[in-house]
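Listing of target06.cif; format and content: mmCIF, C-alpha atoms, pLDDT in the B column; chains and numbers go by the auth columns.
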data_query
#
loop_
_atom_site.group_PDB
_atom_site.id
_atom_site.type_symbol
_atom_site.label_atom_id
_atom_site.label_comp_id
_atom_site.label_asym_id
_atom_site.label_seq_id
_atom_site.Cartn_x
_atom_site.Cartn_y
_atom_site.Cartn_z
_atom_site.B_iso_or_equiv
_atom_site.auth_seq_id
_atom_site.auth_asym_id
ATOM 1 C CA MET A 1 0.000 0.000 0.000 66.00 1 A
ATOM 2 C CA GLU A 2 2.811 2.414 0.867 80.00 2 A
ATOM 3 C CA SER A 3 4.402 1.855 -2.545 87.00 3 A
ATOM 4 C CA GLU A 4 1.117 2.602 -4.296 89.00 4 A
ATOM 5 C CA ILE A 5 0.739 5.814 -2.281 92.00 5 A
ATOM 6 C CA PHE A 6 4.242 6.895 -3.326 93.00 6 A
ATOM 7 C CA ILE A 7 3.608 5.986 -6.975 93.00 7 A
ATOM 8 C CA SER A 8 0.337 7.922 -6.904 94.00 8 A
ATOM 9 C CA PHE A 9 2.084 10.993 -5.464 95.00 9 A
ATOM 10 C CA PHE A 10 5.054 10.721 -7.847 95.00 10 A
ATOM 11 C CA LEU A 11 2.924 10.337 -10.993 95.00 11 A
ATOM 12 C CA ALA A 12 0.687 13.268 -10.066 95.00 12 A
ATOM 13 C CA THR A 13 3.702 15.444 -9.282 96.00 13 A
ATOM 14 C CA LEU A 14 5.405 14.584 -12.576 94.00 14 A
ATOM 15 C CA ILE A 15 2.268 15.093 -14.674 92.00 15 A
ATOM 16 C CA SER A 16 1.483 18.381 -12.926 93.00 16 A
ATOM 17 C CA PHE A 17 5.019 19.711 -13.357 93.00 17 A
ATOM 18 C CA LEU A 18 5.141 18.867 -17.058 87.00 18 A
ATOM 19 C CA GLY A 19 1.593 20.129 -17.600 82.00 19 A
ATOM 20 C CA SER A 20 2.482 23.451 -15.970 83.00 20 A
ATOM 21 C CA LEU A 21 5.294 24.029 -18.470 79.00 21 A
ATOM 22 C CA GLN A 22 2.711 25.303 -20.932 74.00 22 A
ATOM 23 C CA PRO A 23 2.465 29.101 -20.589 72.00 23 A
ATOM 24 C CA GLY A 24 -0.814 30.223 -19.060 75.00 24 A
ATOM 25 C CA LEU A 25 -2.397 32.954 -16.969 77.00 25 A
ATOM 26 C CA LEU A 26 -0.829 31.762 -13.724 85.00 26 A
ATOM 27 C CA ASN A 27 2.665 31.346 -15.168 82.00 27 A
ATOM 28 C CA MET A 28 2.433 34.806 -16.700 82.00 28 A
ATOM 29 C CA GLY A 29 1.123 36.198 -13.426 85.00 29 A
ATOM 30 C CA ILE A 30 4.075 34.791 -11.483 89.00 30 A
ATOM 31 C CA LEU A 31 6.544 36.163 -14.019 85.00 31 A
ATOM 32 C CA TYR A 32 4.770 39.527 -13.992 82.00 32 A
ATOM 33 C CA THR A 33 4.762 39.741 -10.184 85.00 33 A
ATOM 34 C CA GLY A 34 8.364 38.605 -9.818 84.00 34 A
ATOM 35 C CA TYR A 35 9.513 41.126 -12.395 81.00 35 A
ATOM 36 C CA HIS A 36 7.561 44.137 -11.144 80.00 36 A
ATOM 37 C CA ARG A 37 7.544 43.466 -7.426 80.00 37 A
ATOM 38 C CA SER A 38 9.563 40.855 -5.526 82.00 38 A
ATOM 39 C CA LYS A 39 10.431 37.196 -5.203 86.00 39 A
ATOM 40 C CA SER A 40 8.391 36.844 -1.994 88.00 40 A
ATOM 41 C CA ALA A 41 5.317 38.324 -3.714 90.00 41 A
ATOM 42 C CA ALA A 42 5.719 35.876 -6.605 90.00 42 A
ATOM 43 C CA ILE A 43 6.111 32.964 -4.174 92.00 43 A
ATOM 44 C CA ARG A 44 2.935 33.948 -2.310 91.00 44 A
ATOM 45 C CA MET A 45 1.078 34.102 -5.611 92.00 45 A
ATOM 46 C CA ALA A 46 2.461 30.694 -6.597 93.00 46 A
ATOM 47 C CA ILE A 47 1.267 29.123 -3.345 94.00 47 A
ATOM 48 C CA GLY A 48 -2.183 30.632 -3.784 93.00 48 A
ATOM 49 C CA GLY A 49 -2.249 29.550 -7.411 92.00 49 A
ATOM 50 C CA VAL A 50 -1.827 25.851 -6.673 94.00 50 A
ATOM 51 C CA VAL A 51 -4.753 25.648 -4.232 94.00 51 A
ATOM 52 C CA PRO A 52 -7.268 25.337 -7.120 92.00 52 A
ATOM 53 C CA GLU A 53 -5.141 22.428 -8.344 92.00 53 A
ATOM 54 C CA LEU A 54 -6.151 20.577 -5.173 94.00 54 A
ATOM 55 C CA ILE A 55 -9.796 21.460 -5.730 93.00 55 A
ATOM 56 C CA TYR A 56 -9.990 20.576 -9.421 92.00 56 A
ATOM 57 C CA SER A 57 -7.987 17.348 -9.158 93.00 57 A
ATOM 58 C CA SER A 58 -10.274 16.243 -6.307 94.00 58 A
ATOM 59 C CA ILE A 59 -13.302 16.957 -8.489 90.00 59 A
ATOM 60 C CA ALA A 60 -11.709 14.994 -11.339 87.00 60 A
ATOM 61 C CA ILE A 61 -11.166 11.966 -9.106 90.00 61 A
ATOM 62 C CA PHE A 62 -14.737 12.227 -7.819 87.00 62 A
ATOM 63 C CA LEU A 63 -16.107 12.364 -11.371 83.00 63 A
ATOM 64 C CA TYR A 64 -13.979 9.423 -12.429 81.00 64 A
ATOM 65 C CA LEU A 65 -15.093 7.299 -9.505 82.00 65 A
ATOM 66 C CA LYS A 66 -18.700 8.214 -10.245 76.00 66 A
ATOM 67 C CA ALA A 67 -18.166 7.356 -13.924 62.00 67 A
ATOM 68 C CA ALA A 68 -19.606 10.714 -14.981 49.00 68 A
ATOM 69 C CA GLU A 69 -19.981 11.546 -18.656 52.00 69 A
ATOM 70 C CA TYR A 70 -17.321 14.103 -19.513 54.00 70 A
ATOM 71 C CA ILE A 71 -16.888 13.819 -23.266 53.00 71 A
ATOM 72 C CA TYR A 72 -17.994 17.429 -23.872 59.00 72 A
ATOM 73 C CA ILE A 73 -16.616 19.058 -20.705 58.00 73 A
ATOM 74 C CA LYS A 74 -13.187 19.864 -22.090 55.00 74 A
ATOM 75 C CA GLU A 75 -14.516 21.533 -25.247 60.00 75 A
ATOM 76 C CA VAL A 76 -17.028 23.690 -23.354 62.00 76 A
ATOM 77 C CA LEU A 77 -14.514 24.840 -20.742 58.00 77 A
ATOM 78 C CA SER A 78 -11.888 25.493 -23.408 60.00 78 A
ATOM 79 C CA PHE A 79 -14.170 27.884 -25.271 69.00 79 A
ATOM 80 C CA LEU A 80 -14.902 29.686 -21.999 65.00 80 A
ATOM 81 C CA PHE A 81 -11.201 29.940 -21.127 64.00 81 A
ATOM 82 C CA ILE A 82 -10.088 31.373 -24.496 74.00 82 A
ATOM 83 C CA PRO A 83 -11.704 34.834 -24.063 79.00 83 A
ATOM 84 C CA LEU A 84 -10.230 35.084 -20.541 69.00 84 A
ATOM 85 C CA LEU A 85 -6.758 34.440 -21.919 68.00 85 A
ATOM 86 C CA PHE A 86 -7.305 36.891 -24.778 79.00 86 A
ATOM 87 C CA LEU A 87 -8.611 39.670 -22.521 77.00 87 A
ATOM 88 C CA ALA A 88 -5.707 39.170 -20.119 70.00 88 A
ATOM 89 C CA GLY A 89 -3.342 39.535 -23.063 73.00 89 A
ATOM 90 C CA VAL A 90 -4.980 42.758 -24.246 79.00 90 A
ATOM 91 C CA TYR A 91 -4.905 44.151 -20.697 72.00 91 A
ATOM 92 C CA LEU A 92 -1.201 43.410 -20.246 66.00 92 A
ATOM 93 C CA TYR A 93 -0.301 44.714 -23.691 72.00 93 A
ATOM 94 C CA ARG A 94 -2.013 48.056 -23.043 74.00 94 A
ATOM 95 C CA LYS A 95 -0.847 48.391 -19.436 64.00 95 A
ATOM 96 C CA LYS A 96 2.020 50.808 -18.930 59.00 96 A
ATOM 97 C CA ALA A 97 4.963 49.686 -16.827 52.00 97 A
ATOM 98 C CA LYS A 98 4.916 52.871 -14.742 49.00 98 A
ATOM 99 C CA GLU A 99 1.444 51.961 -13.449 48.00 99 A
ATOM 100 C CA GLU A 100 3.087 49.286 -11.337 47.00 100 A
ATOM 101 C CA ALA A 101 4.633 51.913 -9.091 43.00 101 A
ATOM 102 C CA SER A 102 1.208 52.731 -7.668 43.00 102 A
ATOM 103 C CA HIS A 103 0.521 49.161 -6.591 47.00 103 A
ATOM 104 C CA SER A 104 0.273 48.718 -2.839 42.00 104 A
ATOM 105 C CA LEU A 105 2.842 46.514 -1.164 42.00 105 A
ATOM 106 C CA LYS A 106 -0.042 45.109 0.847 48.00 106 A
ATOM 107 C CA SER A 107 -1.569 43.536 -2.249 64.00 107 A
ATOM 108 C CA ASN A 108 -2.917 40.096 -1.392 85.00 108 A
ATOM 109 C CA ASP A 109 -0.675 38.018 -3.627 88.00 109 A
ATOM 110 C CA PHE A 110 -1.947 34.697 -2.263 91.00 110 A
ATOM 111 C CA LYS A 111 -5.531 35.681 -3.075 90.00 111 A
ATOM 112 C CA ASN A 112 -4.540 36.935 -6.526 88.00 112 A
ATOM 113 C CA GLY A 113 -2.807 33.649 -7.296 90.00 113 A
ATOM 114 C CA PHE A 114 -5.791 31.692 -6.015 92.00 114 A
ATOM 115 C CA MET A 115 -8.227 33.653 -8.180 88.00 115 A
ATOM 116 C CA ILE A 116 -6.070 33.269 -11.294 85.00 116 A
ATOM 117 C CA GLY A 117 -5.798 29.538 -10.699 87.00 117 A
ATOM 118 C CA LEU A 118 -9.509 29.313 -10.064 85.00 118 A
ATOM 119 C CA VAL A 119 -10.438 30.673 -13.498 80.00 119 A
ATOM 120 C CA ASN A 120 -8.756 27.687 -15.123 75.00 120 A
ATOM 121 C CA PRO A 121 -11.467 24.986 -14.942 68.00 121 A
ATOM 122 C CA LEU A 122 -9.632 23.179 -17.743 73.00 122 A
ATOM 123 C CA LEU A 123 -7.798 21.499 -14.882 82.00 123 A
ATOM 124 C CA ILE A 124 -10.870 19.312 -14.354 81.00 124 A
ATOM 125 C CA PRO A 125 -10.829 17.599 -17.780 79.00 125 A
ATOM 126 C CA PHE A 126 -7.025 17.640 -17.731 81.00 126 A
ATOM 127 C CA TRP A 127 -6.895 15.627 -14.511 87.00 127 A
ATOM 128 C CA LEU A 128 -9.909 13.560 -15.481 82.00 128 A
ATOM 129 C CA ILE A 129 -8.051 12.347 -18.555 78.00 129 A
ATOM 130 C CA TRP A 130 -4.839 11.647 -16.654 85.00 130 A
ATOM 131 C CA VAL A 131 -6.625 9.878 -13.806 87.00 131 A
ATOM 132 C CA GLN A 132 -8.230 7.641 -16.385 80.00 132 A
ATOM 133 C CA GLN A 133 -4.862 6.975 -18.027 81.00 133 A
ATOM 134 C CA VAL A 134 -2.905 6.054 -14.895 87.00 134 A
ATOM 135 C CA VAL A 135 -5.713 3.827 -13.590 85.00 135 A
ATOM 136 C CA GLN A 136 -6.425 2.046 -16.872 78.00 136 A
ATOM 137 C CA ARG A 137 -2.718 1.402 -17.401 80.00 137 A
ATOM 138 C CA GLY A 138 -2.605 -0.248 -13.988 85.00 138 A
ATOM 139 C CA TYR A 139 -0.152 2.174 -12.367 87.00 139 A
ATOM 140 C CA ILE A 140 -2.440 2.898 -9.403 87.00 140 A
ATOM 141 C CA LYS A 141 -5.856 2.054 -8.014 85.00 141 A
ATOM 142 C CA LEU A 142 -7.993 4.811 -6.589 83.00 142 A
ATOM 143 C CA LYS A 143 -10.098 2.672 -4.285 82.00 143 A
ATOM 144 C CA ASN A 144 -8.077 3.631 -1.209 88.00 144 A
ATOM 145 C CA PRO A 145 -8.546 7.186 0.177 91.00 145 A
ATOM 146 C CA SER A 146 -4.818 7.412 1.005 93.00 146 A
ATOM 147 C CA VAL A 147 -3.939 6.854 -2.646 93.00 147 A
ATOM 148 C CA GLN A 148 -6.468 9.483 -3.690 94.00 148 A
ATOM 149 C CA ILE A 149 -5.098 12.018 -1.208 95.00 149 A
ATOM 150 C CA ALA A 150 -1.517 11.329 -2.311 95.00 150 A
ATOM 151 C CA PHE A 151 -2.511 11.939 -5.931 96.00 151 A
ATOM 152 C CA VAL A 152 -4.284 15.205 -5.128 96.00 152 A
ATOM 153 C CA ILE A 153 -1.330 16.494 -3.083 96.00 153 A
ATOM 154 C CA GLY A 154 1.015 15.535 -5.903 96.00 154 A
ATOM 155 C CA THR A 155 -0.938 17.675 -8.372 95.00 155 A
ATOM 156 C CA ALA A 156 -0.287 20.740 -6.209 95.00 156 A
ATOM 157 C CA VAL A 157 3.354 19.900 -5.499 96.00 157 A
ATOM 158 C CA GLY A 158 4.223 19.491 -9.174 95.00 158 A
ATOM 159 C CA ALA A 159 2.610 22.785 -10.158 94.00 159 A
ATOM 160 C CA LEU A 160 4.207 24.573 -7.200 95.00 160 A
ATOM 161 C CA LEU A 161 7.692 23.359 -8.140 95.00 161 A
ATOM 162 C CA LEU A 162 7.314 24.773 -11.639 93.00 162 A
ATOM 163 C CA LEU A 163 5.865 28.085 -10.446 93.00 163 A
ATOM 164 C CA LEU A 164 8.617 28.528 -7.854 93.00 164 A
ATOM 165 C CA MET A 165 11.174 27.991 -10.604 91.00 165 A
ATOM 166 C CA VAL A 166 9.474 30.714 -12.646 89.00 166 A
ATOM 167 C CA ALA A 167 9.528 33.053 -9.635 89.00 167 A
ATOM 168 C CA PHE A 168 13.187 32.423 -8.771 89.00 168 A
ATOM 169 C CA PHE A 169 14.493 32.654 -12.339 85.00 169 A
ATOM 170 C CA THR A 170 12.455 35.785 -13.063 82.00 170 A
ATOM 171 C CA VAL A 171 13.956 37.614 -10.081 80.00 171 A
ATOM 172 C CA LYS A 172 17.449 36.206 -10.675 79.00 172 A
ATOM 173 C CA TYR A 173 17.552 37.391 -14.270 75.00 173 A
ATOM 174 C CA LYS A 174 15.518 40.560 -13.750 71.00 174 A
ATOM 175 C CA GLU A 175 18.374 42.865 -14.674 70.00 175 A
ATOM 176 C CA GLN A 176 19.049 40.953 -17.867 70.00 176 A
ATOM 177 C CA LEU A 177 15.353 41.089 -18.732 63.00 177 A
ATOM 178 C CA GLU A 178 15.277 44.824 -18.101 64.00 178 A
ATOM 179 C CA ARG A 179 18.263 45.410 -20.385 64.00 179 A
ATOM 180 C CA THR A 180 16.836 43.159 -23.093 65.00 180 A
ATOM 181 C CA LEU A 181 13.180 44.191 -22.995 59.00 181 A
ATOM 182 C CA LYS A 182 13.666 47.813 -21.903 60.00 182 A
ATOM 183 C CA GLY A 183 10.374 48.113 -20.061 59.00 183 A
ATOM 184 C CA LYS A 184 8.369 46.073 -22.574 67.00 184 A
ATOM 185 C CA ILE A 185 7.728 43.052 -20.330 62.00 185 A
ATOM 186 C CA ASN A 186 3.998 43.843 -20.177 67.00 186 A
ATOM 187 C CA LYS A 187 3.693 43.919 -23.952 73.00 187 A
ATOM 188 C CA LEU A 188 5.616 40.653 -24.266 70.00 188 A
ATOM 189 C CA LEU A 189 3.383 38.871 -21.737 67.00 189 A
ATOM 190 C CA GLY A 190 0.313 40.310 -23.428 75.00 190 A
ATOM 191 C CA ILE A 191 1.409 39.073 -26.840 79.00 191 A
ATOM 192 C CA ILE A 192 2.117 35.595 -25.425 74.00 192 A
ATOM 193 C CA CYS A 193 -1.368 35.391 -23.887 73.00 193 A
ATOM 194 C CA ILE A 194 -3.042 36.562 -27.100 82.00 194 A
ATOM 195 C CA ILE A 195 -1.072 34.052 -29.193 81.00 195 A
ATOM 196 C CA LEU A 196 -1.969 31.257 -26.779 75.00 196 A
ATOM 197 C CA ALA A 197 -5.646 32.201 -27.020 78.00 197 A
ATOM 198 C CA PHE A 198 -5.564 31.999 -30.827 83.00 198 A
ATOM 199 C CA VAL A 199 -3.593 28.746 -30.799 79.00 199 A
ATOM 200 C CA GLU A 200 -6.105 27.198 -28.419 74.00 200 A
ATOM 201 C CA LEU A 201 -8.994 28.412 -30.596 80.00 201 A
ATOM 202 C CA VAL A 202 -7.458 26.978 -33.771 81.00 202 A
ATOM 203 C CA ARG A 203 -6.722 23.698 -31.996 74.00 203 A
ATOM 204 C CA LEU A 204 -10.338 23.387 -30.885 72.00 204 A
ATOM 205 C CA LEU A 205 -11.754 24.284 -34.302 76.00 205 A
ATOM 206 C CA ILE A 206 -9.498 21.804 -36.069 76.00 206 A
ATOM 207 C CA GLY A 207 -10.358 19.173 -33.473 61.00 207 A
#

Translate the structure described by the file into structure tokens.
Amino acid sequence: MESEIFISFFLATLISFLGSLQPGLLNMGILYTGYHRSKSAAIRMAIGGVVPELIYSSIAIFLYLKAAEYIYIKEVLSFLFIPLLFLAGVYLYRKKAKEEASHSLKSNDFKNGFMIGLVNPLLIPFWLIWVQQVVQRGYIKLKNPSVQIAFVIGTAVGALLLLLMVAFFTVKYKEQLERTLKGKINKLLGIICIILAFVELVRLLIG
């Protein structure tokens, strides 16, 4: 049983880490916060951002165990997520860097990270698919609550590791970014978000 708990945790951590490599609102938010504010602010946002991972992966396991029909869930949520990503890109592109100076140091970074993570319900079909894969391939069995809990915790740990890397590297290479981008970090992040929105739209339309 202990080995299955470890395998469950390890697989979830690995899948979550690799899945988080894809640029998204939360990744961009961490980079944005680390660049404009501080490493501690970016870390607080990262911690808040992985809480929804716990929520959505738990929902995915519940749906899988209940054998819920989910064939259309991913498509519906994807179409809802695209305009959010596009609007975030437009906002960042038009936002001036000097506006950051007026931001309060008391900004609730944990809450901001949590809210950004929460508007990504695509995590439900993402984890639903992966839960199905690891169970059907015989890697784990989700009948035991301990195995389920280990998997859910692993989803948060994997995402957190990636986000902390983003935070640390952003702050570490801040000076290089400033010299290279010359105050255009907002525009760059905005363009990335807009491109991702269009790529996701094309992917869905092509099927």

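For the file shown, the residue list from the PyMOL selection byres ((chain A and resi 116) around 10) reads A:Gly24, A:Leu25, A:Leu26, A:Asn27, A:Gly29, A:Met45, A:Gly48, A:Gly49, A:Val50, A:Pro52, A:Lys111, A:Asn112, A:Gly113, A:Phe114, A:Met115, A:Gly117, A:Leu118, A:Val119, A:Asn120.
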
Check which residues satisfy the PyMOL selection byres ((chain A and resi 32) around 9) in the file shown, then give them as a PyMOL selection string.
chain A and resi 27-31+33-37+42+170+185-186+189

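Using the PyMOL selection byres ((chain A and resi 39) around 7) on the file at hand returns these residues: A:Gly34, A:Ser38, A:Ser40, A:Ala41, A:Ala42, A:Ile43, A:Ala167, A:Phe168, A:Val171.
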
How would the residues just chosen look if you wrote them out with C-alpha atoms as a compact mmCIF listing (two decimals), in the frame of the given file?
# COMPACT_ATOMS: atom_id res chain seq x y z
CA GLY A 34 8.36 38.60 -9.82
CA SER A 38 9.56 40.85 -5.53
CA SER A 40 8.39 36.84 -1.99
CA ALA A 41 5.32 38.32 -3.71
CA ALA A 42 5.72 35.88 -6.60
CA ILE A 43 6.11 32.96 -4.17
CA ALA A 167 9.53 33.05 -9.64
CA PHE A 168 13.19 32.42 -8.77
CA VAL A 171 13.96 37.61 -10.08

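For the atom pair formed by CA of Ser57 (chain A) and CA of Ile140 (chain A), the distance is 15.5 Å, given to one decimal.
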
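The residue that comes closest to Phe62 (chain A), out of A:Val131, A:Ile194, A:Leu162, A:Leu188 and on the basis of all atoms listed in the file, is A:Val131.
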
Take the point (-5.3, 12.4, -11.8) as written in the file and pick out every residue within 7 Å of it, counting only C-alpha atoms; give the list as number ranges by chain.
A: 12, 57, 60-61, 127-128, 130-131, 151

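Closest approach to Phe6 (chain A) among A:Phe110, A:Phe86, A:Phe198, A:Tyr139: A:Tyr139, based on all atoms listed in the file.
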
Tell me, in Å to one decimal, how far CA of Ser16 (chain A) is from CA of Leu163 (chain A).
10.9 Å

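Taking only C-alpha atoms into account, Pro145 (chain A) lies nearest to A:Leu65 out of the set A:Leu65, A:Lys172, A:Ala46, A:Leu11.
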
Do you have the CA of Gly190 (chain A)-CA of Pro125 (chain A) distance handy?
25.9 Å

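Residue nearest Arg203 (chain A) within the list A:Leu142, A:Gln176, A:Val166, A:Ile82: A:Ile82 [criterion: smallest interatomic distance, all atoms listed in the file].
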
Once 5 Å is added on each side, what are the centre and the three edge lengths, in Å to one decimal, of the axis-aligned box enclosing the listed atoms of region 164-172 of chain A? Present them as JSON.
{"center_x": 13.0, "center_y": 32.8, "center_z": -10.5, "size_x": 18.8, "size_y": 19.6, "size_z": 15.2}

With distances taken over only C-alpha atoms, the candidate from A:Ile55, A:Leu122, A:Leu18, A:Val90 nearest Glu200 (chain A) is A:Leu122

May I have the residues at most 12 Å from (-3.1, 16.5, -2.8) in the file's coordinates, counting all atoms listed in the file, as a VMD selection string?
chain A and resid 5 8 to 13 16 50 to 59 61 145 to 160
